[in-house]
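The file input16.cif contains mmCIF, C-alpha atoms and all ligand atoms; chains and numbers go by the auth columns:
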```cif
data_model
#
loop_
_atom_site.group_PDB
_atom_site.id
_atom_site.type_symbol
_atom_site.label_atom_id
_atom_site.label_comp_id
_atom_site.label_asym_id
_atom_site.label_seq_id
_atom_site.Cartn_x
_atom_site.Cartn_y
_atom_site.Cartn_z
_atom_site.B_iso_or_equiv
_atom_site.auth_seq_id
_atom_site.auth_asym_id
ATOM 1 C CA MET A 1 -2.905 72.079 23.169 0.00 1 A
ATOM 2 C CA GLN A 2 -2.032 75.673 23.996 0.00 2 A
ATOM 3 C CA GLN A 3 -1.757 77.473 27.290 0.00 3 A
ATOM 4 C CA CYS A 4 -3.442 80.694 26.482 0.00 4 A
ATOM 5 C CA PRO A 5 -3.841 83.843 28.556 0.00 5 A
ATOM 6 C CA LEU A 6 -7.305 85.358 28.356 0.00 6 A
ATOM 7 C CA ASP A 7 -6.303 87.872 25.661 0.00 7 A
ATOM 8 C CA GLY A 8 -5.281 85.121 23.281 0.00 8 A
ATOM 9 C CA PHE A 9 -1.498 85.516 23.259 0.00 9 A
ATOM 10 C CA ILE A 10 0.266 82.169 23.757 0.00 10 A
ATOM 11 C CA ALA A 11 3.592 83.923 24.414 0.00 11 A
ATOM 12 C CA GLY A 12 4.477 87.504 25.226 0.00 12 A
ATOM 13 C CA PRO A 13 6.729 89.899 23.275 0.00 13 A
ATOM 14 C CA ASP A 14 10.085 88.287 22.323 0.00 14 A
ATOM 15 C CA ASP A 15 8.565 84.852 23.009 0.00 15 A
ATOM 16 C CA ALA A 16 8.403 85.583 26.749 0.00 16 A
ATOM 17 C CA MET A 17 6.869 82.598 28.524 0.00 17 A
ATOM 18 C CA ASP A 18 7.678 83.728 32.075 0.00 18 A
ATOM 19 C CA GLY A 19 5.378 82.078 34.541 0.00 19 A
ATOM 20 C CA VAL A 20 3.069 80.719 31.832 0.00 20 A
ATOM 21 C CA PHE A 21 3.627 77.136 32.954 0.00 21 A
ATOM 22 C CA ASP A 22 3.274 78.040 36.637 0.00 22 A
ATOM 23 C CA PHE A 23 -0.508 78.302 36.450 0.00 23 A
ATOM 24 C CA VAL A 24 -1.074 74.686 35.438 0.00 24 A
ATOM 25 C CA ALA A 25 -0.968 72.130 38.243 0.00 25 A
ATOM 26 C CA PRO A 26 1.698 69.448 37.658 0.00 26 A
ATOM 27 C CA ASP A 27 -0.973 66.713 37.754 0.00 27 A
ATOM 28 C CA GLU A 28 -2.879 68.355 34.888 0.00 28 A
ATOM 29 C CA PHE A 29 -0.740 67.082 32.027 0.00 29 A
ATOM 30 C CA PRO A 30 -0.445 63.297 32.547 0.00 30 A
ATOM 31 C CA GLU A 31 -3.951 62.553 31.292 0.00 31 A
ATOM 32 C CA VAL A 32 -3.426 64.576 28.108 0.00 32 A
ATOM 33 C CA ALA A 33 0.079 63.164 27.655 0.00 33 A
ATOM 34 C CA ALA A 34 -1.202 59.595 28.104 0.00 34 A
ATOM 35 C CA ALA A 35 -3.658 60.116 25.235 0.00 35 A
ATOM 36 C CA THR A 36 -0.873 61.483 23.025 0.00 36 A
ATOM 37 C CA GLY A 37 0.921 59.111 20.666 0.00 37 A
ATOM 38 C CA ALA A 38 3.219 61.627 18.948 0.00 38 A
ATOM 39 C CA MET A 39 4.005 65.324 18.918 0.00 39 A
ATOM 40 C CA LEU A 40 4.543 67.700 15.999 0.00 40 A
ATOM 41 C CA VAL A 41 6.332 70.868 17.099 0.00 41 A
ATOM 42 C CA GLY A 42 7.167 74.039 15.160 0.00 42 A
ATOM 43 C CA ARG A 43 10.831 75.039 15.033 0.00 43 A
ATOM 44 C CA ARG A 44 10.271 78.281 16.954 0.00 44 A
ATOM 45 C CA THR A 45 8.426 76.500 19.756 0.00 45 A
ATOM 46 C CA TRP A 46 11.231 73.953 19.883 0.00 46 A
ATOM 47 C CA GLU A 47 13.876 76.660 20.152 0.00 47 A
ATOM 48 C CA VAL A 48 12.003 78.651 22.828 0.00 48 A
ATOM 49 C CA GLY A 49 11.540 75.420 24.821 0.00 49 A
ATOM 50 C CA ASP A 50 15.257 74.636 24.468 0.00 50 A
ATOM 51 C CA ALA A 51 16.207 78.106 25.707 0.00 51 A
ATOM 52 C CA MET A 52 13.789 77.853 28.663 0.00 52 A
ATOM 53 C CA GLU A 53 15.187 74.460 29.570 0.00 53 A
ATOM 54 C CA ALA A 54 18.757 75.809 29.398 0.00 54 A
ATOM 55 C CA ASP A 55 17.796 78.735 31.685 0.00 55 A
ATOM 56 C CA GLU A 56 15.836 76.633 34.123 0.00 56 A
ATOM 57 C CA PRO A 57 16.265 72.853 33.783 0.00 57 A
ATOM 58 C CA GLY A 58 12.970 71.015 34.216 0.00 58 A
ATOM 59 C CA SER A 59 10.841 74.087 33.454 0.00 59 A
ATOM 60 C CA THR A 60 9.360 72.523 30.306 0.00 60 A
ATOM 61 C CA ASP A 61 9.024 68.960 31.614 0.00 61 A
ATOM 62 C CA TYR A 62 6.105 67.140 30.030 0.00 62 A
ATOM 63 C CA PRO A 63 5.340 63.487 30.795 0.00 63 A
ATOM 64 C CA PHE A 64 5.566 62.290 27.196 0.00 64 A
ATOM 65 C CA SER A 65 8.253 60.064 25.742 0.00 65 A
ATOM 66 C CA GLY A 66 6.872 58.945 22.363 0.00 66 A
ATOM 67 C CA PRO A 67 7.821 59.955 18.810 0.00 67 A
ATOM 68 C CA MET A 68 8.727 63.631 18.508 0.00 68 A
ATOM 69 C CA PHE A 69 8.699 65.493 15.178 0.00 69 A
ATOM 70 C CA VAL A 70 9.998 69.009 14.575 0.00 70 A
ATOM 71 C CA LEU A 71 8.793 70.884 11.507 0.00 71 A
ATOM 72 C CA THR A 72 11.691 72.940 10.155 0.00 72 A
ATOM 73 C CA HIS A 73 13.681 73.860 7.051 0.00 73 A
ATOM 74 C CA ARG A 74 16.999 73.504 8.912 0.00 74 A
ATOM 75 C CA PRO A 75 18.789 70.718 10.775 0.00 75 A
ATOM 76 C CA LEU A 76 18.785 70.889 14.568 0.00 76 A
ATOM 77 C CA GLU A 77 22.051 72.054 16.075 0.00 77 A
ATOM 78 C CA PRO A 78 23.229 69.921 17.736 0.00 78 A
ATOM 79 C CA PRO A 79 21.273 67.067 16.144 0.00 79 A
ATOM 80 C CA ASP A 80 18.908 65.215 18.470 0.00 80 A
ATOM 81 C CA PRO A 81 18.723 61.476 17.707 0.00 81 A
ATOM 82 C CA GLU A 82 15.323 61.279 19.423 0.00 82 A
ATOM 83 C CA VAL A 83 13.733 63.839 17.106 0.00 83 A
ATOM 84 C CA THR A 84 12.637 63.373 13.510 0.00 84 A
ATOM 85 C CA ILE A 85 12.840 66.434 11.278 0.00 85 A
ATOM 86 C CA LEU A 86 9.956 66.981 8.876 0.00 86 A
ATOM 87 C CA THR A 87 9.775 69.657 6.220 0.00 87 A
ATOM 88 C CA GLY A 88 7.574 70.772 3.347 0.00 88 A
ATOM 89 C CA ASP A 89 3.918 69.977 2.884 0.00 89 A
ATOM 90 C CA ILE A 90 1.981 70.145 6.156 0.00 90 A
ATOM 91 C CA GLY A 91 -0.388 67.401 5.008 0.00 91 A
ATOM 92 C CA ASP A 92 2.512 64.995 4.481 0.00 92 A
ATOM 93 C CA ALA A 93 4.019 65.961 7.856 0.00 93 A
ATOM 94 C CA ILE A 94 0.724 65.303 9.629 0.00 94 A
ATOM 95 C CA ALA A 95 0.315 61.943 7.862 0.00 95 A
ATOM 96 C CA THR A 96 3.813 60.842 8.928 0.00 96 A
ATOM 97 C CA ALA A 97 3.407 61.975 12.547 0.00 97 A
ATOM 98 C CA LEU A 98 -0.118 60.584 12.829 0.00 98 A
ATOM 99 C CA ASP A 99 1.090 57.227 11.579 0.00 99 A
ATOM 100 C CA ALA A 100 3.719 57.222 14.343 0.00 100 A
ATOM 101 C CA ALA A 101 1.054 58.066 16.943 0.00 101 A
ATOM 102 C CA GLY A 102 -0.283 54.508 16.634 0.00 102 A
ATOM 103 C CA GLY A 103 -3.979 55.360 16.968 0.00 103 A
ATOM 104 C CA LYS A 104 -3.503 57.880 19.767 0.00 104 A
ATOM 105 C CA ASN A 105 -3.685 61.666 19.445 0.00 105 A
ATOM 106 C CA LEU A 106 -1.141 63.722 17.549 0.00 106 A
ATOM 107 C CA GLU A 107 -0.431 66.841 19.575 0.00 107 A
ATOM 108 C CA ILE A 108 0.502 69.941 17.568 0.00 108 A
ATOM 109 C CA LEU A 109 2.475 72.781 19.174 0.00 109 A
ATOM 110 C CA GLY A 110 3.221 76.210 17.696 0.00 110 A
ATOM 111 C CA ALA A 111 0.895 78.913 16.408 0.00 111 A
ATOM 112 C CA ASP A 112 2.265 78.940 12.863 0.00 112 A
ATOM 113 C CA VAL A 113 2.159 75.157 12.538 0.00 113 A
ATOM 114 C CA ALA A 114 -1.274 74.919 14.159 0.00 114 A
ATOM 115 C CA GLY A 115 -2.504 77.643 11.779 0.00 115 A
ATOM 116 C CA GLN A 116 -1.299 75.694 8.737 0.00 116 A
ATOM 117 C CA CYS A 117 -3.078 72.599 10.037 0.00 117 A
ATOM 118 C CA LEU A 118 -6.311 74.477 10.759 0.00 118 A
ATOM 119 C CA ARG A 119 -6.279 76.054 7.282 0.00 119 A
ATOM 120 C CA ARG A 120 -6.011 72.612 5.713 0.00 120 A
ATOM 121 C CA GLY A 121 -8.756 71.099 7.891 0.00 121 A
ATOM 122 C CA LEU A 122 -6.256 68.771 9.587 0.00 122 A
ATOM 123 C CA VAL A 123 -7.221 69.505 13.205 0.00 123 A
ATOM 124 C CA ASP A 124 -9.940 67.535 14.999 0.00 124 A
ATOM 125 C CA GLU A 125 -9.791 69.210 18.404 0.00 125 A
ATOM 126 C CA ILE A 126 -8.402 72.307 20.094 0.00 126 A
ATOM 127 C CA LEU A 127 -7.452 72.078 23.766 0.00 127 A
ATOM 128 C CA VAL A 128 -6.921 75.431 25.470 0.00 128 A
ATOM 129 C CA TYR A 129 -5.723 76.076 29.007 0.00 129 A
ATOM 130 C CA VAL A 130 -7.073 79.574 29.624 0.00 130 A
ATOM 131 C CA LEU A 131 -4.703 81.279 32.046 0.00 131 A
ATOM 132 C CA PRO A 132 -5.829 84.076 34.372 0.00 132 A
ATOM 133 C CA VAL A 133 -3.533 86.723 32.948 0.00 133 A
ATOM 134 C CA LEU A 134 -3.460 89.242 30.095 0.00 134 A
ATOM 135 C CA LEU A 135 -0.138 89.397 28.226 0.00 135 A
ATOM 136 C CA GLY A 136 -1.154 92.379 26.092 0.00 136 A
ATOM 137 C CA ASP A 137 1.053 91.555 23.115 0.00 137 A
ATOM 138 C CA GLY A 138 3.091 88.734 21.619 0.00 138 A
ATOM 139 C CA ILE A 139 2.354 85.556 19.664 0.00 139 A
ATOM 140 C CA ARG A 140 -1.310 85.151 18.872 0.00 140 A
ATOM 141 C CA PHE A 141 -3.103 81.857 19.353 0.00 141 A
ATOM 142 C CA SER A 142 -4.505 82.191 15.873 0.00 142 A
ATOM 143 C CA SER A 143 -2.330 83.479 13.051 0.00 143 A
ATOM 144 C CA PRO A 144 -3.594 86.267 10.729 0.00 144 A
ATOM 145 C CA GLY A 145 -5.191 84.977 7.574 0.00 145 A
ATOM 146 C CA LEU A 146 -6.718 81.944 9.167 0.00 146 A
ATOM 147 C CA GLY A 147 -10.256 83.111 8.566 0.00 147 A
ATOM 148 C CA ARG A 148 -13.365 81.991 10.383 0.00 148 A
ATOM 149 C CA LEU A 149 -13.570 78.508 11.807 0.00 149 A
ATOM 150 C CA ASP A 150 -16.575 77.179 13.689 0.00 150 A
ATOM 151 C CA LEU A 151 -15.952 75.159 16.824 0.00 151 A
ATOM 152 C CA GLU A 152 -18.154 72.851 18.831 0.00 152 A
ATOM 153 C CA PRO A 153 -17.659 73.020 22.606 0.00 153 A
ATOM 154 C CA VAL A 154 -16.820 69.564 23.991 0.00 154 A
ATOM 155 C CA SER A 155 -15.927 70.258 27.609 0.00 155 A
ATOM 156 C CA SER A 156 -15.106 72.994 30.049 0.00 156 A
ATOM 157 C CA THR A 157 -13.422 72.209 33.344 0.00 157 A
ATOM 158 C CA ARG A 158 -11.557 74.092 35.992 0.00 158 A
ATOM 159 C CA SER A 159 -8.259 73.136 37.560 0.00 159 A
ATOM 160 C CA GLY A 160 -7.088 75.606 40.162 0.00 160 A
ATOM 161 C CA ALA A 161 -6.722 78.973 38.456 0.00 161 A
ATOM 162 C CA VAL A 162 -6.911 77.507 34.956 0.00 162 A
ATOM 163 C CA THR A 163 -10.005 76.888 32.829 0.00 163 A
ATOM 164 C CA ILE A 164 -9.571 74.009 30.419 0.00 164 A
ATOM 165 C CA LEU A 165 -11.621 74.213 27.235 0.00 165 A
ATOM 166 C CA ARG A 166 -11.881 71.503 24.637 0.00 166 A
ATOM 167 C CA PHE A 167 -13.438 72.198 21.241 0.00 167 A
ATOM 168 C CA ARG A 168 -14.100 70.048 18.213 0.00 168 A
ATOM 169 C CA VAL A 169 -13.359 71.769 14.904 0.00 169 A
ATOM 170 C CA ARG A 170 -16.430 71.746 12.708 0.00 170 A
ATOM 171 C CA LYS A 171 -15.552 70.540 9.240 0.00 171 A
ATOM 172 C CA HIS A 172 -17.563 71.910 6.361 0.00 172 A
ATOM 173 C CA SER A 173 -17.912 69.774 3.271 0.00 173 A
HETATM 174 N N1 LIG B . 1.480 78.870 25.495 0.00 201 B
HETATM 175 C C1 LIG B . 1.645 77.703 24.886 0.00 201 B
HETATM 176 O O1 LIG B . 1.094 76.670 25.289 0.00 201 B
HETATM 177 C C2 LIG B . 2.520 77.620 23.680 0.00 201 B
HETATM 178 C C3 LIG B . 2.537 76.453 22.908 0.00 201 B
HETATM 179 C C4 LIG B . 3.346 76.402 21.780 0.00 201 B
HETATM 180 C C5 LIG B . 4.126 77.502 21.435 0.00 201 B
HETATM 181 N N2 LIG B . 4.094 78.608 22.214 0.00 201 B
HETATM 182 C C6 LIG B . 4.914 79.777 21.864 0.00 201 B
HETATM 183 O O2 LIG B . 4.646 80.158 20.519 0.00 201 B
HETATM 184 C C7 LIG B . 5.859 80.672 19.908 0.00 201 B
HETATM 185 C C8 LIG B . 6.200 79.870 18.671 0.00 201 B
HETATM 186 O O3 LIG B . 5.114 79.835 17.785 0.00 201 B
HETATM 187 P P1 LIG B . 5.286 80.352 16.283 0.00 201 B
HETATM 188 O O4 LIG B . 3.929 80.378 15.681 0.00 201 B
HETATM 189 O O5 LIG B . 6.074 81.601 16.297 0.00 201 B
HETATM 190 O O6 LIG B . 6.211 79.267 15.593 0.00 201 B
HETATM 191 P P2 LIG B . 6.111 77.664 15.439 0.00 201 B
HETATM 192 O O7 LIG B . 4.799 77.283 14.858 0.00 201 B
HETATM 193 O O8 LIG B . 6.540 77.022 16.690 0.00 201 B
HETATM 194 O O9 LIG B . 7.307 77.415 14.391 0.00 201 B
HETATM 195 C C9 LIG B . 7.292 78.020 13.123 0.00 201 B
HETATM 196 C C10 LIG B . 8.525 77.603 12.353 0.00 201 B
HETATM 197 O O10 LIG B . 8.462 76.198 12.044 0.00 201 B
HETATM 198 C C11 LIG B . 9.071 75.980 10.753 0.00 201 B
HETATM 199 N N3 LIG B . 8.025 75.494 9.844 0.00 201 B
HETATM 200 C C12 LIG B . 6.694 75.779 9.886 0.00 201 B
HETATM 201 N N4 LIG B . 6.040 75.140 8.901 0.00 201 B
HETATM 202 C C13 LIG B . 6.972 74.449 8.213 0.00 201 B
HETATM 203 C C14 LIG B . 6.897 73.587 7.088 0.00 201 B
HETATM 204 N N5 LIG B . 5.725 73.297 6.493 0.00 201 B
HETATM 205 N N6 LIG B . 8.060 73.014 6.653 0.00 201 B
HETATM 206 C C15 LIG B . 9.233 73.267 7.275 0.00 201 B
HETATM 207 N N7 LIG B . 9.354 74.077 8.351 0.00 201 B
HETATM 208 C C16 LIG B . 8.235 74.666 8.809 0.00 201 B
HETATM 209 C C17 LIG B . 9.615 77.322 10.287 0.00 201 B
HETATM 210 O O11 LIG B . 10.917 77.438 10.851 0.00 201 B
HETATM 211 P P3 LIG B . 12.287 77.411 9.983 0.00 201 B
HETATM 212 O O12 LIG B . 11.942 77.871 8.583 0.00 201 B
HETATM 213 O O13 LIG B . 13.146 78.366 10.715 0.00 201 B
HETATM 214 O O14 LIG B . 12.783 76.031 10.031 0.00 201 B
HETATM 215 C C18 LIG B . 8.692 78.298 10.999 0.00 201 B
HETATM 216 O O15 LIG B . 9.245 79.585 11.173 0.00 201 B
HETATM 217 C C19 LIG B . 6.929 80.539 20.970 0.00 201 B
HETATM 218 O O16 LIG B . 7.026 81.759 21.679 0.00 201 B
HETATM 219 C C20 LIG B . 6.392 79.452 21.865 0.00 201 B
HETATM 220 O O17 LIG B . 6.916 79.507 23.174 0.00 201 B
HETATM 221 C C21 LIG B . 3.297 78.708 23.326 0.00 201 B
#
```
File written out as structure tokens:
Amino acid sequence: MQQCPLDGFIAGPDDAMDGVFDFVAPDEFPEVAAATGAMLVGRRTWEVGDAMEADEPGSTDYPFSGPMFVLTHRPLEPPDPEVTILTGDIGDAIATALDAAGGKNLEILGADVAGQCLRRGLVDEILVYVLPVLLGDGIRFSSPGLGRLDLEPVSSTRSGAVTILRFRVRKHS
């Protein structure tokens, strides 16, 4: 799940996320969070979220309390007993986190991590909250080198100013 301005940048220059969460109504997330059994988060996303939370407590609140995995080569400082660190092969990381999800969805956050998963054919669905703004520069939704992927539209809904698109990733044999 990514909140994505219309020009495809999921964060602005220097990881700026100012106002990005303001577009999505607070009652938008519970349904997605309820279907989520575990989360796999890239280290950079984790650190940007930490910094946002330190600046403005509550700004990254998300109604999910299940198993949380951070993909990184380094220990968290300070360590977080509620987070499991995973490192190395993305396929192994997905298998571990998916196992912990107990049959529910595994939510993947972070462009680099999502790109690795897409390259390996490990993503079933992409959920995009298209925000009514152009950021102009920053972190792209899709990392360079990903190549073409075909998607099947599943749903398109509107919530306030945000258009919510769900796609299934077509898998070629
Ligand atoms: N708009 C949205 O909804 C949304 C959602 C998510 C993220 N974001 C934004 O996107 C930006 C972060 O995305 P990103 O693509 O730059 O980074 P990312 O995917 O969050 O994290 C990448 C980092 O994770 C670690 N990592 C990745 N694969 C690994 C592996 N296989 N084994 C071990 N460690 C691994 C590496 O960190 P180390 O080597 O340093 O450990 C790598 O630099 C932030 O600005 C964030 O706010 C926006």
Selection result for the PyMOL selection byres (((chain A and resi 4-7) around 7) and not hetatm) on this file, as a PyMOL selection string: chain A and resi 2-3+8-10+128-136
Which residues match the PyMOL selection byres (((chain A and resi 86-100) around 10) and not hetatm) in the file above, as JSON, numbers by chain? {"A": [37, 38, 39, 40, 41, 42, 66, 67, 68, 69, 70, 71, 72, 73, 74, 75, 83, 84, 85, 101, 102, 103, 104, 105, 106, 107, 108, 113, 114, 116, 117, 120, 121, 122, 123]}
Could you check which of A:Gly110, A:Pro57, A:Gly160, A:Pro13 is closest to ligand LIG 201 (chain B), using all atoms listed in the file? A:Gly110
Would you please work out which residue, of A:Thr60, A:Thr157, A:Ser65, A:Thr36, is nearest to ligand LIG 201 (chain B) when using all atoms listed in the file?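 Using all atoms listed in the file, the shortest distance to ligand LIG 201 (chain B) belongs to A:Thr60.
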What is the CA of Ala11 (chain A)-atom C7 of ligand LIG 201 (chain B) distance in Å, reported with one decimal?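 Separation between CA of Ala11 (chain A) and atom C7 of ligand LIG 201 (chain B): 6.0 Å.
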Give me the box for ligand LIG 201 (chain B) as AutoDock Vina command-line options, namely the centre and edge lengths in Å to one decimal of a box along x, y and z that holds every listed atom plus 4 Å on each side.
```
--center_x 7.1 --center_y 77.4 --center_z 16.0 --size_x 20.1 --size_y 16.7 --size_z 27.0
```
Any chance you could work out the residue set of the PyMOL selection byres (((chain A and resi 29) around 12) and not hetatm) here, as a PyMOL selection string? chain A and resi 1-3+21+24-28+30-36+60-64+127+129+159+164
Atomic separation - CA of Ser143 (chain A) relative to CA of Pro78 (chain A), Å: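 It comes out at 29.3 Å.
When only C-alpha atoms are used to measure the gap to Ser155 (chain A), the shortest distance among A:Arg119, A:Arg44, A:Arg168, A:Arg140 belongs to A:Arg168.
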Could you state the separation of CA of Gly19 (chain A) and CA of Ala54 (chain A) in Å, given to one decimal place? 15.6 Å
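Using only C-alpha atoms and all ligand atoms for every distance, the candidate list A:Gly58, A:Gly115, A:Pro81, A:Pro153 yields A:Gly115 as the residue closest to ligand LIG 201 (chain B).
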With all atoms listed in the file as the atoms that count, which of A:Val20, A:Met52, A:Ala111, A:Val162 lies nearest to ligand LIG 201 (chain B)? A:Ala111
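Restricting the calculation to all atoms listed in the file, the smallest distance between ligand LIG 201 (chain B) and any of A:Asp137, A:Glu125, A:Asp112, A:Asp80 is found for A:Asp112.
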Could you model N, CA, C and O atoms for region 103-114 of chain A and present them as a PDB file, keeping the file's coordinate frame?
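Listing of rebuild08.pdb after writing:
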```
ATOM      1  N   GLY A 103      -2.560  55.357  16.576  1.00  0.00           N
ATOM      2  CA  GLY A 103      -3.979  55.360  16.968  1.00  0.00           C
ATOM      3  C   GLY A 103      -4.294  56.334  18.093  1.00  0.00           C
ATOM      4  O   GLY A 103      -5.450  56.555  18.419  1.00  0.00           O
ATOM      5  N   LYS A 104      -3.252  56.869  18.725  1.00  0.00           N
ATOM      6  CA  LYS A 104      -3.503  57.880  19.767  1.00  0.00           C
ATOM      7  C   LYS A 104      -3.521  59.273  19.123  1.00  0.00           C
ATOM      8  O   LYS A 104      -3.383  59.422  17.912  1.00  0.00           O
ATOM      9  N   ASN A 105      -3.640  60.298  19.969  1.00  0.00           N
ATOM     10  CA  ASN A 105      -3.685  61.666  19.445  1.00  0.00           C
ATOM     11  C   ASN A 105      -2.319  62.128  18.960  1.00  0.00           C
ATOM     12  O   ASN A 105      -1.285  61.744  19.504  1.00  0.00           O
ATOM     13  N   LEU A 106      -2.342  62.986  17.950  1.00  0.00           N
ATOM     14  CA  LEU A 106      -1.141  63.722  17.549  1.00  0.00           C
ATOM     15  C   LEU A 106      -1.291  65.126  18.109  1.00  0.00           C
ATOM     16  O   LEU A 106      -2.255  65.831  17.780  1.00  0.00           O
ATOM     17  N   GLU A 107      -0.370  65.509  18.963  1.00  0.00           N
ATOM     18  CA  GLU A 107      -0.431  66.841  19.575  1.00  0.00           C
ATOM     19  C   GLU A 107       0.410  67.803  18.737  1.00  0.00           C
ATOM     20  O   GLU A 107       1.554  67.494  18.394  1.00  0.00           O
ATOM     21  N   ILE A 108      -0.169  68.955  18.422  1.00  0.00           N
ATOM     22  CA  ILE A 108       0.502  69.941  17.568  1.00  0.00           C
ATOM     23  C   ILE A 108       0.821  71.174  18.403  1.00  0.00           C
ATOM     24  O   ILE A 108      -0.076  71.722  19.059  1.00  0.00           O
ATOM     25  N   LEU A 109       2.066  71.614  18.379  1.00  0.00           N
ATOM     26  CA  LEU A 109       2.475  72.781  19.174  1.00  0.00           C
ATOM     27  C   LEU A 109       3.121  73.838  18.293  1.00  0.00           C
ATOM     28  O   LEU A 109       4.034  73.534  17.514  1.00  0.00           O
ATOM     29  N   GLY A 110       2.669  75.088  18.470  1.00  0.00           N
ATOM     30  CA  GLY A 110       3.221  76.210  17.696  1.00  0.00           C
ATOM     31  C   GLY A 110       2.101  76.881  16.923  1.00  0.00           C
ATOM     32  O   GLY A 110       1.331  76.201  16.230  1.00  0.00           O
ATOM     33  N   ALA A 111       2.012  78.209  17.040  1.00  0.00           N
ATOM     34  CA  ALA A 111       0.895  78.913  16.408  1.00  0.00           C
ATOM     35  C   ALA A 111       0.944  78.811  14.882  1.00  0.00           C
ATOM     36  O   ALA A 111      -0.070  78.595  14.217  1.00  0.00           O
ATOM     37  N   ASP A 112       2.136  78.981  14.323  1.00  0.00           N
ATOM     38  CA  ASP A 112       2.265  78.940  12.863  1.00  0.00           C
ATOM     39  C   ASP A 112       1.891  77.552  12.337  1.00  0.00           C
ATOM     40  O   ASP A 112       1.106  77.416  11.385  1.00  0.00           O
ATOM     41  N   VAL A 113       2.428  76.537  12.979  1.00  0.00           N
ATOM     42  CA  VAL A 113       2.159  75.157  12.538  1.00  0.00           C
ATOM     43  C   VAL A 113       0.681  74.824  12.740  1.00  0.00           C
ATOM     44  O   VAL A 113       0.027  74.263  11.846  1.00  0.00           O
ATOM     45  N   ALA A 114       0.146  75.197  13.908  1.00  0.00           N
ATOM     46  CA  ALA A 114      -1.274  74.919  14.159  1.00  0.00           C
ATOM     47  C   ALA A 114      -2.150  75.644  13.129  1.00  0.00           C
ATOM     48  O   ALA A 114      -3.142  75.095  12.642  1.00  0.00           O
TER      49      ALA A 114
END
```
